[in-house]
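For reference, protein-v8.csv is printed below; it contains CSV, C-alpha atoms and all ligand atoms.
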chain,number,residue,atom,x,y,z
Z,26,MET,CA,87.7,103.7,101.2
Z,27,ARG,CA,85.4,104.7,104.1
Z,28,PRO,CA,83.0,102.0,105.1
Z,29,SER,CA,79.4,102.6,104.1
Z,30,GLY,CA,76.0,100.9,104.4
Z,31,ARG,CA,76.9,98.8,101.4
Z,32,THR,CA,80.4,97.7,102.6
Z,33,VAL,CA,80.9,94.0,102.1
Z,34,VAL,CA,82.4,92.3,105.1
Z,35,CYS,CA,85.0,89.5,105.2
Z,36,GLY,CA,87.3,88.4,108.1
Z,37,ILE,CA,89.3,85.8,109.8
Z,38,VAL,CA,88.1,83.6,112.7
Z,39,GLY,CA,90.5,82.0,115.1
Z,40,ASP,CA,92.0,82.1,118.6
Z,41,PRO,CA,94.4,83.7,119.0
Z,42,VAL,CA,93.8,86.0,116.1
Z,43,GLU,CA,95.1,89.4,117.1
Z,44,HIS,CA,98.5,89.0,115.5
Z,45,SER,CA,97.1,87.9,112.2
Z,46,MET,CA,98.7,89.5,109.1
Z,47,SER,CA,95.5,88.9,107.1
Z,48,PRO,CA,93.5,92.0,108.0
Z,49,ALA,CA,96.3,94.3,106.8
Z,50,MET,CA,97.0,92.2,103.7
Z,51,GLN,CA,93.4,91.8,102.6
Z,52,ASN,CA,92.3,95.4,103.4
Z,53,ALA,CA,95.3,96.6,101.3
Z,54,ALA,CA,94.1,94.3,98.5
Z,55,PHE,CA,90.5,95.6,98.6
Z,56,ALA,CA,91.8,99.2,98.6
Z,57,ALA,CA,94.1,98.5,95.7
Z,58,ARG,CA,91.2,97.1,93.6
Z,59,GLY,CA,88.8,99.9,94.6
Z,60,LEU,CA,86.4,97.6,96.4
Z,61,ASP,CA,84.1,98.8,99.1
Z,62,TRP,CA,85.0,95.8,101.2
Z,63,VAL,CA,86.5,95.4,104.7
Z,64,TYR,CA,88.3,92.6,106.5
Z,65,VAL,CA,88.3,92.2,110.2
Z,66,ALA,CA,89.6,89.7,112.8
Z,67,PHE,CA,87.0,87.8,115.0
Z,68,ARG,CA,88.3,86.0,118.0
Z,69,LEU,CA,86.2,82.8,118.1
Z,70,ALA,CA,86.5,80.4,121.0
Z,71,ARG,CA,86.9,76.7,120.5
Z,72,GLY,CA,83.5,75.1,120.3
Z,73,ASP,CA,81.8,78.1,118.6
Z,74,ALA,CA,82.2,76.9,115.0
Z,75,GLU,CA,78.5,76.2,114.5
Z,76,ALA,CA,77.5,79.6,115.9
Z,77,CYS,CA,80.1,81.2,113.5
Z,78,ALA,CA,78.6,79.5,110.5
Z,79,ARG,CA,75.0,80.6,111.5
Z,80,GLY,CA,76.3,84.1,112.2
Z,81,MET,CA,78.0,84.3,108.9
Z,82,LYS,CA,74.7,83.5,107.1
Z,83,ALA,CA,72.6,85.7,109.4
Z,84,MET,CA,74.8,88.7,108.9
Z,85,GLY,CA,75.7,88.2,105.3
Z,86,ILE,CA,79.4,88.0,105.9
Z,87,ARG,CA,80.8,87.3,102.4
Z,88,GLY,CA,84.0,85.5,103.2
Z,89,LEU,CA,86.0,84.1,106.1
Z,90,ASN,CA,89.4,82.8,106.6
Z,91,VAL,CA,89.5,80.1,109.2
Z,92,THR,CA,92.5,79.4,111.4
Z,93,VAL,CA,93.4,77.5,114.6
Z,94,PRO,CA,91.4,75.9,116.3
Z,95,HIS,CA,88.5,75.9,113.8
Z,96,LYS,CA,89.9,74.5,110.5
Z,97,VAL,CA,88.5,71.1,111.1
Z,98,ASP,CA,85.6,71.9,113.5
Z,99,ILE,CA,83.9,74.2,111.0
Z,100,MET,CA,83.5,71.6,108.3
Z,101,PRO,CA,80.2,69.9,109.5
Z,102,PHE,CA,78.5,73.3,109.4
Z,103,LEU,CA,79.3,74.2,105.7
Z,104,ASP,CA,77.0,73.4,102.8
Z,105,SER,CA,79.7,72.2,100.5
Z,106,ILE,CA,83.4,71.5,100.7
Z,107,ASP,CA,85.7,71.3,97.7
Z,108,ASP,CA,87.7,68.2,97.0
Z,109,VAL,CA,91.1,69.6,98.1
Z,110,ALA,CA,89.8,70.7,101.4
Z,111,ARG,CA,88.0,67.5,102.0
Z,112,ARG,CA,91.1,65.4,101.4
Z,113,ILE,CA,93.3,67.6,103.5
Z,114,GLY,CA,90.5,67.5,106.2
Z,115,ALA,CA,90.7,71.2,106.8
Z,116,VAL,CA,89.0,74.4,105.5
Z,117,ASN,CA,90.8,77.8,105.6
Z,118,THR,CA,88.5,79.8,103.4
Z,119,ILE,CA,84.7,80.1,103.4
Z,120,VAL,CA,82.6,81.8,100.7
Z,121,ASN,CA,79.1,82.8,101.5
Z,122,ASP,CA,77.1,82.6,98.3
Z,123,GLY,CA,73.7,84.1,99.2
Z,124,GLY,CA,73.4,81.9,102.4
Z,125,VAL,CA,75.2,78.9,101.0
Z,126,LEU,CA,78.5,78.3,102.7
Z,127,ARG,CA,81.3,76.8,100.6
Z,128,GLY,CA,84.5,75.6,102.1
Z,129,TYR,CA,87.9,75.6,100.4
Z,130,ASN,CA,91.5,75.1,101.4
Z,131,THR,CA,93.8,77.6,99.7
Z,132,ASP,CA,96.9,76.6,101.7
Z,133,ALA,CA,97.7,73.7,99.3
Z,134,ALA,CA,97.2,75.7,96.1
Z,135,GLY,CA,98.9,78.7,97.7
Z,136,PHE,CA,101.9,76.7,98.5
Z,137,ALA,CA,102.1,75.4,94.9
Z,138,ARG,CA,101.8,78.9,93.6
Z,139,ALA,CA,104.6,80.1,95.8
Z,140,LEU,CA,106.9,77.4,94.4
Z,141,GLU,CA,105.8,78.0,90.8
Z,142,ASP,CA,106.5,81.7,91.3
Z,143,GLN,CA,110.2,80.8,91.8
Z,144,ASP,CA,110.1,78.3,88.9
Z,145,ILE,CA,110.5,75.4,91.3
Z,146,VAL,CA,109.3,72.2,89.6
Z,147,VAL,CA,108.0,69.3,91.7
Z,148,ARG,CA,106.7,66.8,89.2
Z,149,ASP,CA,108.8,63.7,89.2
Z,150,ARG,CA,111.2,65.3,91.6
Z,151,THR,CA,112.1,64.1,95.1
Z,152,VAL,CA,110.9,66.4,97.8
Z,153,VAL,CA,111.8,66.0,101.5
Z,154,LEU,CA,109.0,67.4,103.7
Z,155,LEU,CA,109.7,68.2,107.4
Z,156,GLY,CA,106.7,68.1,109.7
Z,157,ALA,CA,103.4,66.3,109.7
Z,158,GLY,CA,101.1,68.8,111.4
Z,159,GLY,CA,98.4,70.9,109.8
Z,160,ALA,CA,100.7,72.8,107.6
Z,161,GLY,CA,102.6,69.6,106.7
Z,162,ARG,CA,99.3,68.0,105.6
Z,163,ALA,CA,98.5,70.8,103.2
Z,164,ALA,CA,102.0,70.8,101.7
Z,165,ALA,CA,102.0,67.0,101.4
Z,166,PHE,CA,98.7,66.9,99.5
Z,167,SER,CA,99.8,69.8,97.3
Z,168,LEU,CA,103.1,68.1,96.4
Z,169,ALA,CA,101.7,64.6,95.9
Z,170,ASP,CA,98.9,65.9,93.8
Z,171,ARG,CA,101.4,67.7,91.6
Z,172,GLY,CA,103.4,64.5,91.0
Z,173,ALA,CA,106.3,64.9,93.5
Z,174,ARG,CA,108.1,61.9,95.0
Z,175,LEU,CA,107.6,62.6,98.6
Z,176,ILE,CA,109.5,61.8,101.8
Z,177,VAL,CA,107.8,62.9,105.0
Z,178,LEU,CA,110.1,63.2,108.0
Z,179,ASN,CA,108.7,64.1,111.5
Z,180,ARG,CA,109.9,64.2,115.1
Z,181,ARG,CA,107.1,61.8,116.1
Z,182,VAL,CA,107.6,59.2,113.4
Z,183,ALA,CA,104.1,57.7,113.9
Z,184,ARG,CA,102.6,60.9,112.6
Z,185,ALA,CA,104.9,60.9,109.5
Z,186,LYS,CA,103.9,57.3,108.9
Z,187,ALA,CA,100.1,58.1,109.2
Z,188,LEU,CA,100.4,61.1,106.9
Z,189,ALA,CA,102.4,59.2,104.3
Z,190,ALA,CA,99.9,56.4,104.3
Z,191,GLU,CA,96.9,58.7,104.0
Z,192,VAL,CA,98.4,60.8,101.2
Z,193,ALA,CA,99.5,57.7,99.3
Z,194,ARG,CA,96.0,56.3,99.6
Z,195,ALA,CA,94.4,59.5,98.4
Z,196,THR,CA,96.8,60.3,95.5
Z,197,GLY,CA,98.1,56.9,94.4
Z,198,MET,CA,101.7,58.1,94.9
Z,199,SER,CA,104.1,56.0,96.8
Z,200,ILE,CA,105.4,58.0,99.8
Z,201,GLU,CA,108.3,57.3,102.1
Z,202,HIS,CA,108.5,58.4,105.7
Z,203,GLY,CA,111.0,58.5,108.6
Z,204,PRO,CA,112.0,60.3,111.8
Z,205,LEU,CA,113.3,63.9,111.6
Z,206,SER,CA,116.9,63.2,112.4
Z,207,ASP,CA,120.3,64.1,110.9
Z,208,GLU,CA,120.6,60.4,109.9
Z,209,SER,CA,117.5,60.4,107.9
Z,210,LEU,CA,118.2,63.8,106.4
Z,211,GLN,CA,121.6,62.4,105.3
Z,212,GLN,CA,119.8,59.4,103.8
Z,213,TRP,CA,117.0,61.2,101.9
Z,214,LEU,CA,118.4,64.6,100.9
Z,215,PRO,CA,121.0,63.5,98.3
Z,216,PRO,CA,118.4,62.6,95.6
Z,217,ALA,CA,116.1,65.5,96.6
Z,218,SER,CA,115.7,68.7,94.6
Z,219,LEU,CA,113.4,70.4,97.2
Z,220,LEU,CA,113.4,70.6,101.0
Z,221,VAL,CA,110.3,71.9,102.7
Z,222,ASN,CA,110.1,72.9,106.4
Z,223,THR,CA,106.7,73.0,107.9
Z,224,THR,CA,107.9,72.7,111.5
Z,225,PRO,CA,108.2,75.9,113.7
Z,226,VAL,CA,112.0,75.2,114.1
Z,227,GLY,CA,113.8,78.5,113.5
Z,228,MET,CA,110.8,80.7,114.4
Z,229,SER,CA,111.4,83.8,116.5
Z,230,PRO,CA,112.7,83.9,119.3
Z,231,ALA,CA,114.8,80.7,118.6
Z,232,THR,CA,116.0,82.2,115.3
Z,233,GLY,CA,119.5,80.5,115.5
Z,234,GLU,CA,117.9,77.0,115.1
Z,235,SER,CA,117.5,75.1,111.9
Z,236,PRO,CA,115.8,71.8,111.2
Z,237,CYS,CA,118.6,70.8,108.8
Z,238,PRO,CA,122.4,70.9,109.3
Z,239,ALA,CA,124.0,73.5,106.9
Z,240,SER,CA,126.4,70.9,105.6
Z,241,PHE,CA,123.5,69.0,104.0
Z,242,LEU,CA,122.4,72.0,101.9
Z,243,ARG,CA,123.5,72.3,98.2
Z,244,LYS,CA,123.1,74.7,95.3
Z,245,ASP,CA,120.8,72.3,93.6
Z,246,LEU,CA,118.5,71.8,96.6
Z,247,ALA,CA,115.8,74.4,96.6
Z,248,VAL,CA,114.5,75.2,100.1
Z,249,CYS,CA,111.1,76.3,101.2
Z,250,ASP,CA,110.4,77.4,104.8
Z,251,ILE,CA,106.9,78.0,106.1
Z,252,VAL,CA,108.3,80.1,109.0
Z,253,TYR,CA,107.8,83.8,108.1
Z,254,ASN,CA,109.1,85.3,111.4
Z,255,PRO,CA,111.9,86.0,110.8
Z,256,ARG,CA,111.5,86.4,107.0
Z,257,ARG,CA,115.0,85.0,106.5
Z,258,THR,CA,115.3,82.0,108.7
Z,259,THR,CA,118.7,80.3,109.4
Z,260,LEU,CA,117.7,77.5,107.1
Z,261,LEU,CA,116.9,79.9,104.2
Z,262,ARG,CA,120.0,82.0,104.8
Z,263,GLN,CA,122.3,78.9,104.8
Z,264,ALA,CA,120.6,77.6,101.6
Z,265,ALA,CA,120.9,80.9,99.9
Z,266,GLU,CA,124.6,81.1,100.9
Z,267,ARG,CA,125.1,77.9,98.9
Z,268,GLY,CA,123.4,79.4,95.9
Z,269,ALA,CA,120.1,77.5,96.3
Z,270,ARG,CA,116.7,78.9,95.4
Z,271,THR,CA,114.6,79.8,98.5
Z,272,VAL,CA,111.0,80.4,99.2
Z,273,GLY,CA,110.0,82.0,102.5
Z,274,GLY,CA,106.9,81.7,104.6
Z,275,VAL,CA,105.7,85.2,103.5
Z,276,GLU,CA,105.1,83.8,100.0
Z,277,MET,CA,102.9,81.0,101.2
Z,278,LEU,CA,101.0,83.5,103.4
Z,279,VAL,CA,100.5,85.9,100.5
Z,280,TRP,CA,99.5,83.2,98.0
Z,281,GLN,CA,96.9,81.5,100.2
Z,282,GLY,CA,95.5,85.0,100.9
Z,283,ALA,CA,95.5,85.9,97.2
Z,284,LEU,CA,93.6,82.8,96.3
Z,285,ALA,CA,91.0,83.5,99.1
Z,286,PHE,CA,90.7,87.1,97.8
Z,287,GLU,CA,89.9,85.7,94.3
Z,288,LEU,CA,87.3,83.3,95.6
Z,289,TRP,CA,85.5,86.0,97.4
Z,290,THR,CA,85.7,88.9,95.0
Z,291,GLY,CA,86.2,87.2,91.6
Z,292,VAL,CA,88.8,89.8,90.9
Z,293,GLN,CA,92.5,89.1,90.3
Z,294,ALA,CA,94.5,89.6,93.5
Z,295,PRO,CA,97.1,92.4,93.7
Z,296,VAL,CA,99.8,90.0,94.9
Z,297,GLU,CA,102.6,92.6,94.9
Z,298,ILE,CA,100.6,94.9,97.2
Z,299,MET,CA,99.7,92.0,99.5
Z,300,ARG,CA,103.3,91.0,99.7
Z,301,SER,CA,104.6,94.5,100.5
Z,302,THR,CA,101.9,95.0,103.1
Z,303,VAL,CA,102.9,91.8,104.9
Z,304,GLU,CA,106.6,92.7,104.7
Z,305,GLU,CA,105.8,96.2,106.1
Z,306,GLU,CA,103.8,94.6,109.0
Z,307,LEU,CA,106.7,92.2,109.7
Z,308,GLY,CA,109.1,95.1,109.6
Z,309,ARG,CA,107.0,96.9,112.1
Z,310,GLY,CA,107.4,93.9,114.5
Z,311,ALA,CA,103.7,93.2,114.5
Z,312,VAL,CA,104.1,89.5,115.3
S,401,LIG,P1,101.0,73.3,112.2
S,401,LIG,O1,99.5,73.3,112.0
S,401,LIG,O2,101.6,74.7,112.2
S,401,LIG,O3,101.7,72.4,111.3
S,401,LIG,P2,101.1,71.4,114.3
S,401,LIG,O4,99.9,70.7,113.8
S,401,LIG,O5,101.2,71.6,115.8
S,401,LIG,O6,101.2,72.9,113.7
S,401,LIG,O7,102.4,70.7,113.8
S,401,LIG,C1,103.7,71.1,114.2
S,401,LIG,C2,104.7,70.3,113.4
S,401,LIG,O8,106.0,70.8,113.8
S,401,LIG,C3,104.7,68.8,113.8
S,401,LIG,O9,105.1,68.1,112.7
S,401,LIG,C4,105.7,68.8,114.9
S,401,LIG,O10,106.3,67.5,115.1
S,401,LIG,P3,105.6,66.4,116.1
S,401,LIG,O11,104.4,65.9,115.3
S,401,LIG,O12,106.6,65.4,116.3
S,401,LIG,O13,105.1,67.2,117.3
S,401,LIG,C5,106.7,69.7,114.4
S,401,LIG,N1,107.5,70.3,115.5
S,401,LIG,C6,107.1,71.2,116.4
S,401,LIG,N2,108.2,71.6,117.2
S,401,LIG,C7,109.2,70.9,116.8
S,401,LIG,C8,110.6,70.8,117.2
S,401,LIG,N3,111.1,71.5,118.2
S,401,LIG,N4,111.4,70.0,116.5
S,401,LIG,C9,111.0,69.3,115.4
S,401,LIG,N5,109.7,69.3,115.0
S,401,LIG,C10,108.8,70.1,115.7
Write the structure described by the file as structure tokens, please.
Amino acid sequence: MRPSGRTVVCGIVGDPVEHSMSPAMQNAAFAARGLDWVYVAFRLARGDAEACARGMKAMGIRGLNVTVPHKVDIMPFLDSIDDVARRIGAVNTIVNDGGVLRGYNTDAAGFARALEDQDIVVRDRTVVLLGAGGAGRAAAFSLADRGARLIVLNRRVARAKALAAEVARATGMSIEHGPLSDESLQQWLPPASLLVNTTPVGMSPATGESPCPASFLRKDLAVCDIVYNPRRTTLLRQAAERGARTVGGVEMLVWQGALAFELWTGVQAPVEIMRSTVEEELGRGAV
């Protein structure tokens, strides 16, 4: 749809932001739903979160996705923050309701939706989570909130310990932690039914790497990898070769975007179209 004087504006703020898949994905979704809406990327320098919030209000920008380095910095400038985002300590989606800015985090719910979509159950199951960075935090809260027994493994074990303690305090779940090493994978994977990678290990160009030795993978160990470039990481390929269910990073990207789309528009997201758009972009080597 050609932009008009009535076109509603949404976007993403971050730095860097030029390789984001979200403009293609969200514009395809707006078009599929016949909405006179447009989604653009705004490069926003660190330290400019307050100006961004004021600008969003002043210009009537309906919705923003927020990415590195602003997910935490933007929070003081919002009028309300939903419980999930507050507990994770990061906002990835803002809705501007007539000048009232509401913050959400769709990474956690998007992650859960991506698992549900593959019929992967987490309640009362043991889940080994690799990584304790921003993505790891969202996954940890999502999993613990949904009743998983969680083990957080991280290269820097102090971060794993801190995240495990924080999520345990917030959710009342008891959470184990340890270093990300072959020894601890060997210790923790046997009772697990899901392995989640939130580290960048395996990402292009080091596509031959995997955070977990292939010999530890099994048919009854589902594997979820947040890396989406390449779509089929070494970890996912080796899990699939053993007959395990796999969920790739594209799914998480698509579902967090679908939930943001729904918060802004109130319209059900065209998930299939969003997925095929991201896959097309990846195929084009856009990242
Ligand atoms: P994100 O927001 O994408 O999660 P991040 O906050 O920088 O990014 O976190 C990156 C995560 O990947 C961290 O858990 C990091 O481990 P450390 O806390 O020990 O740094 C992990 N990570 C990054 N590179 C890694 C590597 N080569 N091997 C293992 N873990 C790695």
Original post:
Leaving out segment 247-254 of chain Z and any residue of its chain fewer than 2 positions from it, which residues lie within 10 Å of it when counting only C-alpha atoms, given as a ChimeraX atom specification?
Top reply: /Z:136,139-140,143,145-146,152-155,160-161,164,217-230,232,242-245,256-265,268-278,303-304,307-308,310,312
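Excluding segment 30-36 of chain Z and any residue on its chain fewer than 6 positions from it, the residues at most 10 Å away by all atoms listed in the file are Ser47, Pro48, Gln51, Asn52, Leu60, Asp61, Trp62, Val63, Tyr64, Val65, Ala66, Phe67, Met81, Met84, Gly85, Ile86, Arg87, Gly88, Leu89, Asn90, Val91, Thr118, Ile119, Val120, Asn121, Phe286, Trp289 and Thr290 of chain Z.
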Original post:
Do you know which residues are at most 9 Å from Phe166 of chain Z counting only C-alpha atoms, after dropping those on the same chain fewer than 6 positions away, and could you put them as a list in words?
Top reply: Val109, Arg112, Ile113, Ala133, Val192, Ala195 and Thr196 of chain Z
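One finds atom CA of Ala157 of chain Z at 6.2 Å from atom O10 of ligand LIG 401 (chain S).
A straight line drawn from atom CA of Glu75 of chain Z to atom CA of Gly158 of chain Z is 24.0 Å long.
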Subject >> Residue list as an NGL selection string for point (83.3, 81.9, 117.7), cut-off 10 Å, all atoms listed in the file >> reply: :Z and (38-40 or 67-78 or 80 or 95)
May I have the selected residues written with C-alpha atoms, as a PDB file, in the frame of the given file?
ATOM      1  CA  VAL Z  38      88.100  83.600 112.700  1.00  0.00           C
ATOM      2  CA  GLY Z  39      90.500  82.000 115.100  1.00  0.00           C
ATOM      3  CA  ASP Z  40      92.000  82.100 118.600  1.00  0.00           C
ATOM      4  CA  PHE Z  67      87.000  87.800 115.000  1.00  0.00           C
ATOM      5  CA  ARG Z  68      88.300  86.000 118.000  1.00  0.00           C
ATOM      6  CA  LEU Z  69      86.200  82.800 118.100  1.00  0.00           C
ATOM      7  CA  ALA Z  70      86.500  80.400 121.000  1.00  0.00           C
ATOM      8  CA  ARG Z  71      86.900  76.700 120.500  1.00  0.00           C
ATOM      9  CA  GLY Z  72      83.500  75.100 120.300  1.00  0.00           C
ATOM     10  CA  ASP Z  73      81.800  78.100 118.600  1.00  0.00           C
ATOM     11  CA  ALA Z  74      82.200  76.900 115.000  1.00  0.00           C
ATOM     12  CA  GLU Z  75      78.500  76.200 114.500  1.00  0.00           C
ATOM     13  CA  ALA Z  76      77.500  79.600 115.900  1.00  0.00           C
ATOM     14  CA  CYS Z  77      80.100  81.200 113.500  1.00  0.00           C
ATOM     15  CA  ALA Z  78      78.600  79.500 110.500  1.00  0.00           C
ATOM     16  CA  GLY Z  80      76.300  84.100 112.200  1.00  0.00           C
ATOM     17  CA  HIS Z  95      88.500  75.900 113.800  1.00  0.00           C
TER      18      HIS Z  95
END
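When atom CA of Glu191 of chain Z is paired with atom O4 of ligand LIG 401 (chain S), their separation reads 15.8 Å.
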Original post:
Hey, can you pull every residue with an atom no more than 12 Å from (102.8, 64.2, 112.2), using only C-alpha atoms, and send it as a ChimeraX atom specification?
Top reply: /Z:154-163,165,177-191,202-205,223-224
Could you pull segment 298-311 of chain Z out of the block above and save it with N, CA, C and O atoms, as a PDB file, in the first residue's frame?
ATOM      1  N   ILE Z 298       3.220 -15.621   6.644  1.00  0.00           N
ATOM      2  CA  ILE Z 298       3.809 -14.613   5.750  1.00  0.00           C
ATOM      3  C   ILE Z 298       5.057 -14.003   6.380  1.00  0.00           C
ATOM      4  O   ILE Z 298       6.063 -13.769   5.707  1.00  0.00           O
ATOM      5  N   MET Z 299       5.006 -13.788   7.684  1.00  0.00           N
ATOM      6  CA  MET Z 299       6.168 -13.220   8.373  1.00  0.00           C
ATOM      7  C   MET Z 299       7.340 -14.187   8.288  1.00  0.00           C
ATOM      8  O   MET Z 299       8.475 -13.801   8.011  1.00  0.00           O
ATOM      9  N   ARG Z 300       7.041 -15.479   8.475  1.00  0.00           N
ATOM     10  CA  ARG Z 300       8.097 -16.499   8.403  1.00  0.00           C
ATOM     11  C   ARG Z 300       8.696 -16.569   6.990  1.00  0.00           C
ATOM     12  O   ARG Z 300       9.912 -16.558   6.819  1.00  0.00           O
ATOM     13  N   SER Z 301       7.843 -16.609   5.980  1.00  0.00           N
ATOM     14  CA  SER Z 301       8.381 -16.765   4.622  1.00  0.00           C
ATOM     15  C   SER Z 301       9.162 -15.518   4.204  1.00  0.00           C
ATOM     16  O   SER Z 301      10.143 -15.605   3.477  1.00  0.00           O
ATOM     17  N   THR Z 302       8.760 -14.367   4.732  1.00  0.00           N
ATOM     18  CA  THR Z 302       9.509 -13.140   4.417  1.00  0.00           C
ATOM     19  C   THR Z 302      10.905 -13.191   5.023  1.00  0.00           C
ATOM     20  O   THR Z 302      11.896 -12.848   4.365  1.00  0.00           O
ATOM     21  N   VAL Z 303      10.993 -13.625   6.277  1.00  0.00           N
ATOM     22  CA  VAL Z 303      12.315 -13.730   6.917  1.00  0.00           C
ATOM     23  C   VAL Z 303      13.171 -14.752   6.170  1.00  0.00           C
ATOM     24  O   VAL Z 303      14.360 -14.504   5.901  1.00  0.00           O
ATOM     25  N   GLU Z 304      12.571 -15.870   5.803  1.00  0.00           N
ATOM     26  CA  GLU Z 304      13.346 -16.901   5.099  1.00  0.00           C
ATOM     27  C   GLU Z 304      13.853 -16.386   3.754  1.00  0.00           C
ATOM     28  O   GLU Z 304      14.989 -16.648   3.362  1.00  0.00           O
ATOM     29  N   GLU Z 305      12.999 -15.627   3.084  1.00  0.00           N
ATOM     30  CA  GLU Z 305      13.399 -15.023   1.803  1.00  0.00           C
ATOM     31  C   GLU Z 305      14.574 -14.059   2.009  1.00  0.00           C
ATOM     32  O   GLU Z 305      15.548 -14.083   1.256  1.00  0.00           O
ATOM     33  N   GLU Z 306      14.470 -13.235   3.046  1.00  0.00           N
ATOM     34  CA  GLU Z 306      15.548 -12.280   3.333  1.00  0.00           C
ATOM     35  C   GLU Z 306      16.852 -13.005   3.650  1.00  0.00           C
ATOM     36  O   GLU Z 306      17.913 -12.615   3.194  1.00  0.00           O
ATOM     37  N   LEU Z 307      16.751 -14.061   4.437  1.00  0.00           N
ATOM     38  CA  LEU Z 307      17.956 -14.825   4.793  1.00  0.00           C
ATOM     39  C   LEU Z 307      18.549 -15.475   3.555  1.00  0.00           C
ATOM     40  O   LEU Z 307      19.765 -15.494   3.373  1.00  0.00           O
ATOM     41  N   GLY Z 308      17.682 -15.969   2.700  1.00  0.00           N
ATOM     42  CA  GLY Z 308      18.134 -16.606   1.466  1.00  0.00           C
ATOM     43  C   GLY Z 308      18.841 -15.632   0.560  1.00  0.00           C
ATOM     44  O   GLY Z 308      19.744 -15.987  -0.186  1.00  0.00           O
ATOM     45  N   ARG Z 309      18.441 -14.369   0.676  1.00  0.00           N
ATOM     46  CA  ARG Z 309      19.033 -13.325  -0.136  1.00  0.00           C
ATOM     47  C   ARG Z 309      20.378 -12.876   0.439  1.00  0.00           C
ATOM     48  O   ARG Z 309      21.034 -11.992  -0.094  1.00  0.00           O
ATOM     49  N   GLY Z 310      20.730 -13.432   1.602  1.00  0.00           N
ATOM     50  CA  GLY Z 310      22.000 -13.080   2.217  1.00  0.00           C
ATOM     51  C   GLY Z 310      21.987 -11.679   2.789  1.00  0.00           C
ATOM     52  O   GLY Z 310      22.974 -10.967   2.760  1.00  0.00           O
ATOM     53  N   ALA Z 311      20.809 -11.284   3.300  1.00  0.00           N
ATOM     54  CA  ALA Z 311      20.683  -9.919   3.812  1.00  0.00           C
ATOM     55  C   ALA Z 311      21.428  -9.700   5.124  1.00  0.00           C
ATOM     56  O   ALA Z 311      21.631  -8.571   5.531  1.00  0.00           O
TER      57      ALA Z 311
END
